[in-house]
file my_file20.txt (compact mmCIF, C-alpha atoms)
# COMPACT_ATOMS: atom_id res chain seq x y z
CA MET V 279 -80.38 -115.39 2.19
CA HIS V 280 -76.70 -115.18 1.23
CA PRO V 281 -74.64 -117.59 3.37
CA PHE V 282 -72.39 -114.78 4.61
CA ARG V 283 -75.39 -112.80 5.89
CA LYS V 284 -76.85 -115.95 7.41
CA GLY V 285 -73.54 -116.49 9.23
CA ILE V 286 -73.54 -112.90 10.50
CA ARG V 287 -77.13 -113.24 11.72
CA GLN V 288 -76.52 -116.54 13.51
CA GLY V 289 -73.28 -115.15 14.91
CA ILE V 290 -74.85 -112.16 16.66
CA PRO V 291 -75.83 -114.08 19.83
CA ILE V 292 -72.31 -115.57 19.88
CA ALA V 293 -70.77 -112.09 19.56
CA LEU V 294 -72.96 -110.76 22.40
CA GLY V 295 -72.07 -113.74 24.59
CA TYR V 296 -68.40 -113.20 23.76
CA LEU V 297 -68.59 -109.50 24.66
CA SER V 298 -69.29 -110.30 28.30
CA VAL V 299 -66.75 -113.12 28.54
CA SER V 300 -63.93 -111.33 26.76
CA PHE V 301 -64.68 -108.32 28.92
CA SER V 302 -63.58 -110.32 31.96
CA PHE V 303 -60.63 -111.66 29.97
CA GLY V 304 -59.59 -108.05 29.28
CA ILE V 305 -59.59 -107.32 33.00
CA LEU V 306 -57.56 -110.46 33.71
CA ALA V 307 -55.01 -109.62 31.00
CA ILE V 308 -54.37 -106.20 32.55
CA GLN V 309 -54.00 -107.80 35.97
CA SER V 310 -51.45 -110.24 34.47
CA GLY V 311 -49.29 -107.34 33.29
CA LEU V 312 -50.31 -107.01 29.62
CA THR V 313 -51.06 -103.68 28.01
CA VAL V 314 -54.45 -102.96 26.43
CA LEU V 315 -52.95 -103.39 22.95
CA GLU V 316 -51.36 -106.73 23.91
CA ALA V 317 -54.63 -107.98 25.39
CA VAL V 318 -56.44 -107.13 22.14
CA LEU V 319 -53.65 -108.79 20.13
CA VAL V 320 -54.05 -112.00 22.18
CA SER V 321 -57.79 -112.05 21.51
CA ILE V 322 -57.61 -111.39 17.78
CA THR V 323 -54.87 -113.96 17.18
CA ASN V 324 -56.16 -116.72 19.48
CA LEU V 325 -59.97 -116.43 19.51
CA THR V 326 -60.38 -118.87 22.38
CA SER V 327 -61.47 -118.42 26.00
CA ALA V 328 -59.88 -121.03 28.26
CA GLY V 329 -56.65 -121.11 26.26
CA GLN V 330 -56.21 -117.35 26.53
CA VAL V 331 -56.92 -117.26 30.26
CA ALA V 332 -54.32 -119.96 30.90
CA GLY V 333 -51.97 -118.28 28.42
CA VAL V 334 -51.92 -114.82 29.98
CA GLN V 335 -51.62 -116.34 33.44
CA LEU V 336 -48.52 -118.24 32.26
CA ILE V 337 -47.15 -115.15 30.50
CA GLY V 338 -47.79 -113.21 33.71
CA VAL V 339 -45.44 -115.50 35.66
CA SER V 340 -42.90 -115.59 32.77
CA ALA V 341 -43.40 -119.31 32.12
CA ALA V 342 -41.13 -121.07 29.61
CA LEU V 343 -42.39 -121.34 26.02
CA PRO V 344 -42.61 -125.18 26.03
CA GLU V 345 -44.94 -124.99 29.03
CA LEU V 346 -47.06 -122.41 27.23
CA ILE V 347 -47.26 -124.65 24.14
CA LEU V 348 -48.17 -127.71 26.21
CA ALA V 349 -50.88 -125.84 28.13
CA GLU V 350 -52.40 -124.49 24.90
CA PHE V 351 -52.21 -127.92 23.33
CA ILE V 352 -54.03 -129.69 26.18
CA ILE V 353 -56.69 -127.02 26.62
CA ASN V 354 -57.33 -126.58 22.90
CA ILE V 355 -57.03 -130.14 21.60
CA ARG V 356 -60.84 -130.28 21.64
CA TYR V 357 -60.72 -128.00 18.57
CA ALA V 358 -59.04 -130.83 16.66
CA LEU V 359 -62.14 -132.98 17.26
CA MET V 360 -64.39 -130.10 16.20
CA SER V 361 -62.36 -129.40 13.05
CA LEU V 362 -62.53 -133.08 12.20
CA ALA V 363 -66.32 -133.04 12.54
CA LEU V 364 -66.67 -129.78 10.57
CA SER V 365 -64.39 -131.12 7.83
CA GLN V 366 -67.00 -133.87 7.31
CA LYS V 367 -69.70 -131.24 6.86
CA ALA V 368 -67.75 -128.93 4.53
CA ASP V 369 -69.24 -128.65 1.05
CA ARG V 370 -67.33 -129.01 -2.24
CA SER V 371 -66.47 -125.31 -2.50
CA PHE V 372 -64.18 -125.67 0.56
CA THR V 373 -60.82 -125.60 -1.27
CA LEU V 374 -57.44 -125.52 0.49
CA PRO V 375 -57.21 -121.70 0.90
CA HIS V 376 -60.74 -121.65 2.34
CA ARG V 377 -59.86 -124.45 4.74
CA LEU V 378 -56.67 -122.64 5.84
CA LEU V 379 -58.66 -119.47 6.47
CA ALA V 380 -61.81 -120.92 8.04
CA SER V 381 -59.77 -123.03 10.52
CA TYR V 382 -59.03 -119.82 12.39
CA GLY V 383 -62.69 -119.59 13.40
CA VAL V 384 -63.21 -123.02 14.95
CA THR V 385 -64.37 -122.10 18.46
CA ASP V 386 -66.77 -123.96 20.79
CA GLU V 387 -69.67 -121.67 19.95
CA ILE V 388 -69.05 -121.38 16.21
CA PHE V 389 -68.70 -125.13 16.13
CA ALA V 390 -71.90 -125.59 18.12
CA VAL V 391 -73.90 -123.37 15.79
CA SER V 392 -72.41 -124.61 12.49
CA SER V 393 -72.30 -128.32 13.34
CA ILE V 394 -76.07 -128.49 13.89
CA GLN V 395 -76.83 -126.99 10.44
CA LYS V 396 -78.83 -129.37 8.25
CA GLU V 397 -77.06 -128.51 4.97
CA PRO V 398 -73.31 -128.79 4.11
CA LEU V 399 -71.23 -125.80 5.22
CA LYS V 400 -70.13 -123.11 2.77
CA PRO V 401 -66.97 -121.02 3.31
CA SER V 402 -68.87 -117.70 3.21
CA TYR V 403 -71.25 -118.91 5.94
CA MET V 404 -68.28 -119.79 8.17
CA TYR V 405 -66.70 -116.40 7.46
CA GLY V 406 -69.91 -114.61 8.47
CA LEU V 407 -69.99 -116.46 11.80
CA THR V 408 -66.27 -115.89 12.36
CA VAL V 409 -66.16 -112.18 11.49
CA ILE V 410 -68.99 -111.18 13.83
CA ALA V 411 -67.81 -113.48 16.64
CA ALA V 412 -64.19 -112.25 16.39
CA LEU V 413 -65.46 -108.66 16.40
CA GLY V 414 -67.43 -109.24 19.63
CA TRP V 415 -64.52 -111.09 21.21
CA THR V 416 -61.98 -108.39 20.36
CA ALA V 417 -64.26 -105.46 21.23
CA GLY V 418 -65.11 -107.03 24.60
CA THR V 419 -61.42 -107.55 25.34
CA TRP V 420 -60.65 -103.94 24.51
CA LEU V 421 -63.53 -102.68 26.67
CA GLY V 422 -62.61 -104.91 29.60
CA ALA V 423 -58.92 -104.08 29.36
CA SER V 424 -59.48 -100.34 29.20
CA ALA V 425 -62.58 -99.87 31.40
CA GLY V 426 -63.21 -103.14 33.28
CA THR V 427 -61.85 -102.00 36.58
CA LEU V 428 -64.35 -99.12 36.60
CA LEU V 429 -67.36 -101.49 36.80
CA PRO V 430 -68.68 -102.80 40.13
CA GLN V 431 -67.20 -106.23 40.89
CA GLN V 432 -70.67 -107.81 41.21
CA ILE V 433 -71.63 -106.91 37.64
CA THR V 434 -68.39 -108.33 36.25
CA ASN V 435 -68.97 -111.49 38.30
CA ALA V 436 -72.58 -111.85 37.16
CA LEU V 437 -71.49 -111.55 33.51
CA GLY V 438 -69.25 -114.56 34.04
CA ILE V 439 -72.23 -116.92 33.83
CA ALA V 440 -73.49 -115.58 30.46
CA LEU V 441 -71.41 -117.87 28.26
CA TYR V 442 -72.42 -120.99 30.20
CA GLY V 443 -76.07 -119.96 29.93
CA MET V 444 -75.58 -119.84 26.18
CA PHE V 445 -74.05 -123.34 26.19
CA LEU V 446 -77.13 -124.68 28.02
CA ALA V 447 -79.37 -122.99 25.46
CA ILE V 448 -77.46 -124.81 22.70
CA ILE V 449 -77.52 -128.32 24.18
CA LEU V 450 -80.86 -128.57 26.00
CA PRO V 451 -83.39 -128.16 23.14
CA PRO V 452 -81.87 -131.01 21.03
CA ALA V 453 -81.46 -133.10 24.21
CA ARG V 454 -85.23 -132.97 24.69
CA LYS V 455 -85.77 -134.53 21.27
CA SER V 456 -83.03 -137.18 21.19
CA ARG V 457 -82.35 -139.81 23.87
CA GLY V 458 -78.80 -140.22 22.56
CA ILE V 459 -78.00 -136.51 22.89
CA LEU V 460 -79.59 -136.39 26.34
CA ALA V 461 -77.42 -139.34 27.39
CA ALA V 462 -74.29 -137.66 25.95
CA VAL V 463 -75.06 -134.47 27.90
CA LEU V 464 -75.75 -136.27 31.20
CA ILE V 465 -72.82 -138.70 31.00
CA ALA V 466 -70.36 -135.93 30.07
CA ALA V 467 -71.62 -133.79 32.97
CA ALA V 468 -71.38 -136.72 35.42
CA ILE V 469 -67.81 -137.64 34.42
CA SER V 470 -66.79 -133.98 34.50
CA VAL V 471 -68.11 -133.58 38.06
CA LEU V 472 -66.51 -136.87 39.11
CA ILE V 473 -63.07 -135.75 37.84
CA LYS V 474 -63.47 -132.33 39.43
CA PHE V 475 -64.01 -133.79 42.90
CA CYS V 476 -62.03 -137.04 42.75
CA PHE V 477 -58.98 -136.13 40.64
CA ARG V 478 -58.35 -132.55 41.68
CA SER V 479 -54.87 -132.38 40.19
CA MET V 480 -56.12 -132.94 36.63
CA SER V 481 -56.14 -129.75 34.54
CA GLY V 482 -59.53 -128.37 33.55
CA GLY V 483 -58.82 -128.67 29.83
CA PHE V 484 -57.77 -132.29 30.07
CA ALA V 485 -60.71 -133.22 32.34
CA MET V 486 -63.08 -131.72 29.78
CA ILE V 487 -61.58 -133.73 26.90
CA LEU V 488 -61.72 -136.97 28.88
CA ALA V 489 -65.36 -136.43 29.91
CA ALA V 490 -66.45 -135.41 26.41
CA VAL V 491 -64.65 -138.23 24.58
CA ALA V 492 -65.86 -140.90 27.01
CA ALA V 493 -69.48 -139.71 26.85
CA ALA V 494 -69.50 -139.46 23.04
CA ALA V 495 -67.88 -142.91 22.70
CA ILE V 496 -70.41 -144.52 25.07
CA CYS V 497 -73.32 -142.93 23.21
CA ALA V 498 -71.86 -143.89 19.82
CA VAL V 499 -71.99 -147.54 20.97
CA VAL V 500 -75.35 -147.46 22.78
CA PHE V 501 -77.19 -145.05 20.46
CA PRO V 502 -75.46 -145.33 17.07
CA VAL V 503 -76.65 -142.67 14.65
CA ASP V 504 -78.32 -143.85 11.46
CA THR V 505 -76.91 -141.23 9.10
CA GLN V 506 -79.19 -142.40 6.28
CA LYS V 507 -82.25 -141.76 8.42
CA GLU V 508 -80.82 -138.50 9.81
CA ALA V 509 -80.42 -137.15 6.29
CA GLU V 510 -84.02 -137.95 5.41
CA SER V 511 -85.62 -136.56 8.55
CA MET L 1 -44.54 -105.03 23.49
CA SER L 2 -41.30 -106.67 22.29
CA LYS L 3 -41.09 -109.00 25.31
CA MET L 4 -44.72 -110.15 25.05
CA ILE L 5 -44.98 -110.55 21.28
CA ILE L 6 -43.18 -113.91 21.15
CA PRO L 7 -45.30 -115.75 23.75
CA ILE L 8 -48.46 -114.26 22.22
CA LEU L 9 -47.52 -115.53 18.75
CA VAL L 10 -46.50 -118.93 20.13
CA MET L 11 -49.94 -119.24 21.75
CA ALA L 12 -51.66 -118.16 18.55
CA LEU L 13 -49.76 -120.58 16.30
CA THR L 14 -50.27 -123.54 18.65
CA THR L 15 -54.01 -122.87 18.72
CA TYR L 16 -54.17 -122.36 14.95
CA PHE L 17 -52.35 -125.60 14.07
CA ILE L 18 -54.66 -127.62 16.32
CA ARG L 19 -57.64 -126.22 14.39
CA MET L 20 -56.10 -126.27 10.92
CA ILE L 21 -54.49 -129.72 10.65
CA PRO L 22 -57.67 -131.87 10.92
CA PHE L 23 -59.65 -129.41 8.77
CA VAL L 24 -57.08 -129.45 5.96
CA PHE L 25 -55.82 -133.03 6.07
CA VAL L 26 -58.89 -135.13 6.93
CA ARG L 27 -61.05 -134.52 3.88
CA LYS L 28 -62.23 -138.01 3.04
CA LYS L 29 -65.77 -138.81 4.11
CA ILE L 30 -65.66 -141.09 7.14
CA GLU L 31 -67.87 -144.15 6.52
CA ASN L 32 -67.33 -145.90 9.84
CA ARG L 33 -70.62 -145.80 11.76
CA PHE L 34 -68.99 -145.62 15.19
CA ILE L 35 -66.83 -142.63 14.22
CA GLN L 36 -69.80 -140.93 12.54
CA SER L 37 -71.88 -141.38 15.69
CA PHE L 38 -68.99 -140.29 17.89
CA LEU L 39 -68.58 -137.05 15.91
CA TYR L 40 -72.35 -136.52 16.05
CA TYR L 41 -72.33 -136.61 19.87
CA ILE L 42 -69.06 -134.71 20.42
CA PRO L 43 -70.49 -131.14 20.30
CA TYR L 44 -73.08 -131.93 22.95
CA SER L 45 -70.71 -133.81 25.26
CA VAL L 46 -68.01 -131.11 24.89
CA LEU L 47 -70.39 -128.26 25.75
CA SER L 48 -71.89 -130.22 28.63
CA ALA L 49 -68.48 -131.04 30.13
CA MET L 50 -67.38 -127.41 29.70
CA THR L 51 -70.50 -126.13 31.45
CA ILE L 52 -70.74 -128.55 34.35
CA PRO L 53 -69.50 -128.04 36.99
CA SER L 54 -67.78 -124.77 35.84
CA ILE L 55 -71.09 -122.87 35.72
CA PHE L 56 -71.35 -123.15 39.52
CA TYR L 57 -68.04 -121.26 39.92
CA ALA L 58 -68.71 -118.70 37.19
CA THR L 59 -69.96 -115.85 39.37
CA GLY L 60 -67.67 -116.16 42.35
CA ASP L 61 -70.39 -117.26 44.78
CA LEU L 62 -72.42 -120.44 44.77
CA ALA L 63 -75.90 -119.05 45.54
CA SER L 64 -76.00 -116.63 42.62
CA ALA L 65 -74.52 -119.26 40.29
CA ILE L 66 -77.21 -121.79 41.26
CA VAL L 67 -80.03 -119.28 40.69
CA GLY L 68 -78.49 -118.25 37.36
CA THR L 69 -78.17 -121.90 36.32
CA ILE L 70 -81.79 -122.71 37.20
CA ILE L 71 -83.05 -119.72 35.19
CA ALA L 72 -80.83 -120.73 32.26
CA ILE L 73 -82.11 -124.33 32.33
CA VAL L 74 -85.78 -123.29 32.51
CA LEU L 75 -85.45 -120.79 29.64
CA ALA L 76 -83.28 -123.11 27.52
CA TYR L 77 -85.87 -125.86 27.99
CA ARG L 78 -88.51 -123.49 26.63
CA ASN L 79 -86.41 -122.90 23.49
CA CYS L 80 -85.65 -119.24 24.26
CA PRO L 81 -83.01 -117.60 21.98
CA LEU L 82 -79.37 -118.03 23.05
CA ILE L 83 -78.79 -114.41 23.96
CA VAL L 84 -81.98 -114.27 26.08
CA VAL L 85 -80.87 -117.30 28.08
CA ALA L 86 -77.35 -115.90 28.50
CA LEU L 87 -78.41 -112.45 29.70
CA ALA L 88 -81.27 -113.74 31.89
CA ALA L 89 -78.81 -116.05 33.67
CA SER L 90 -76.51 -113.08 34.33
CA ALA L 91 -79.39 -110.87 35.48
CA ALA L 92 -80.68 -113.58 37.82
CA ALA L 93 -77.20 -114.07 39.27
CA TYR L 94 -76.81 -110.32 39.79
CA ALA L 95 -80.24 -110.04 41.44
CA THR L 96 -79.29 -112.88 43.79
CA MET L 97 -76.08 -111.09 44.77
CA LEU L 98 -78.08 -107.99 45.64
CA VAL L 99 -80.73 -109.89 47.63
CA THR L 100 -78.50 -112.34 49.53
CA PRO L 101 -77.08 -109.83 52.08
CA LEU L 102 -80.64 -108.74 52.94
CA LEU L 103 -81.66 -112.30 53.81
CA ILE L 104 -78.76 -113.08 56.11
call {"tool": "encode", "arguments": {"input": "my_file20.txt", "output": "structure tokens"}}
result
Amino acid sequence: MHPFRKGIRQGIPIALGYLSVSFSFGILAIQSGLTVLEAVLVSITNLTSAGQVAGVQLIGVSAALPELILAEFIINIRYALMSLALSQKADRSFTLPHRLLASYGVTDEIFAVSSIQKEPLKPSYMYGLTVIAALGWTAGTWLGASAGTLLPQQITNALGIALYGMFLAIILPPARKSRGILAAVLIAAAISVLIKFCFRSMSGGFAMILAAVAAAAICAVVFPVDTQKEAES
Amino acid sequence: MSKMIIPILVMALTTYFIRMIPFVFVRKKIENRFIQSFLYYIPYSVLSAMTIPSIFYATGDLASAIVGTIIAIVLAYRNCPLIVVALAASAAAYATMLVTPLLI
């Protein structure tokens, strides 16, 4: 199968997951005082969930630009780690223009799907994932912004859990097979809960980075990955 | 539009640079075993920390979130496709919201 088509196919569940999440983002954007067009513009230019939610809330209260930049930086710095990991998996055809273009599509879900591929990543595969995911994200935003308030509150609320369900479906199957991955998942969850209840003032984005980095570092020491063996298996 | 366009673009550029800089400038293969292992575990620890405990607040009430989470874990454990797990979790949460008032 052509890598672009493979990307599209693997991106369909991401796009469907995004539809429901961006739908609630669309509602929130309207409540924060944005127009439908502005809400769609935020989604197509940012392609990120937590960063956009924080962003429109700050825009809603007319926050200063430096505060907006700082908030986006802290919430989205995890993408730097993901880009770093993906850069290691990029194949030789990833020239500078491709890297500049594909960077736009580094989201949690696209990263999760592409980083567990066995073979090196091709630009067209990344574009397939990105195009379909961005389409779902933007369409959901538009729907939520223009029609969200018409839906019963309970349905909108229930859709809020869809994206997290998808995250569990990504991490649990490999965690069953690898003790190291299972440990990474459990340690990250434990630290995240600890921060949530013991250091309430810490921002959600920063708490997430701290928990993820600590868990990955612990597992890298306790369960170092034998890349030679990984490549053969 | 004119008042909002600047903050929207500032958000977009900040997010883009965070993604672009490591992808464009760190192109050498990393040989260090610790860093390799660290990058191997990062996706799983990131997704786990993003999900827990946030999943319990995702539906606005704890009971429906817990039921949705249990369904998601059971189906994910059985290797169900991503979209099935995602929608089943939402459906279970919605069903719980409908049933809860009847039980109390």
call {"tool": "closest_residue", "arguments": {"input": "my_file20.txt", "among": "L:Val67, L:Leu62, L:Ile6, L:Leu82", "to": "chain V", "atoms": "all atoms listed in the file"}}
result
L:Leu82
call {"tool": "residues_near_point", "arguments": {"input": "my_file20.txt", "point": "(-62.5, -119.2, 1.2)", "cutoff": "12 Å", "atoms": "only C-alpha atoms", "output": "NGL selection string"}}
result
:V and (282 or 368-382 or 399-406)
call {"tool": "atom_distance", "arguments": {"input": "my_file20.txt", "atom1": "atom CA of Pro53 of chain L", "atom2": "atom CA of Ala425 of chain V"}}
result
29.5 Å
call {"tool": "closest_residue", "arguments": {"input": "my_file20.txt", "among": "V:Leu319, V:Val334, V:Ile292, V:Ile433", "to": "Ala307 of chain V", "atoms": "all atoms listed in the file"}}
result
V:Val334
call {"tool": "closest_residue", "arguments": {"input": "my_file20.txt", "among": "V:Leu325, V:Ala317, V:Ala462, V:Leu421", "to": "chain L", "atoms": "only C-alpha atoms"}}
result
V:Ala462
call {"tool": "atom_distance", "arguments": {"input": "my_file20.txt", "atom1": "atom CA of Glu345 of chain V", "atom2": "atom CA of Ala485 of chain V"}}
result
18.1 Å
call {"tool": "atom_distance", "arguments": {"input": "my_file20.txt", "atom1": "atom CA of Ile42 of chain L", "atom2": "atom CA of Ala461 of chain V"}}
result
11.8 Å
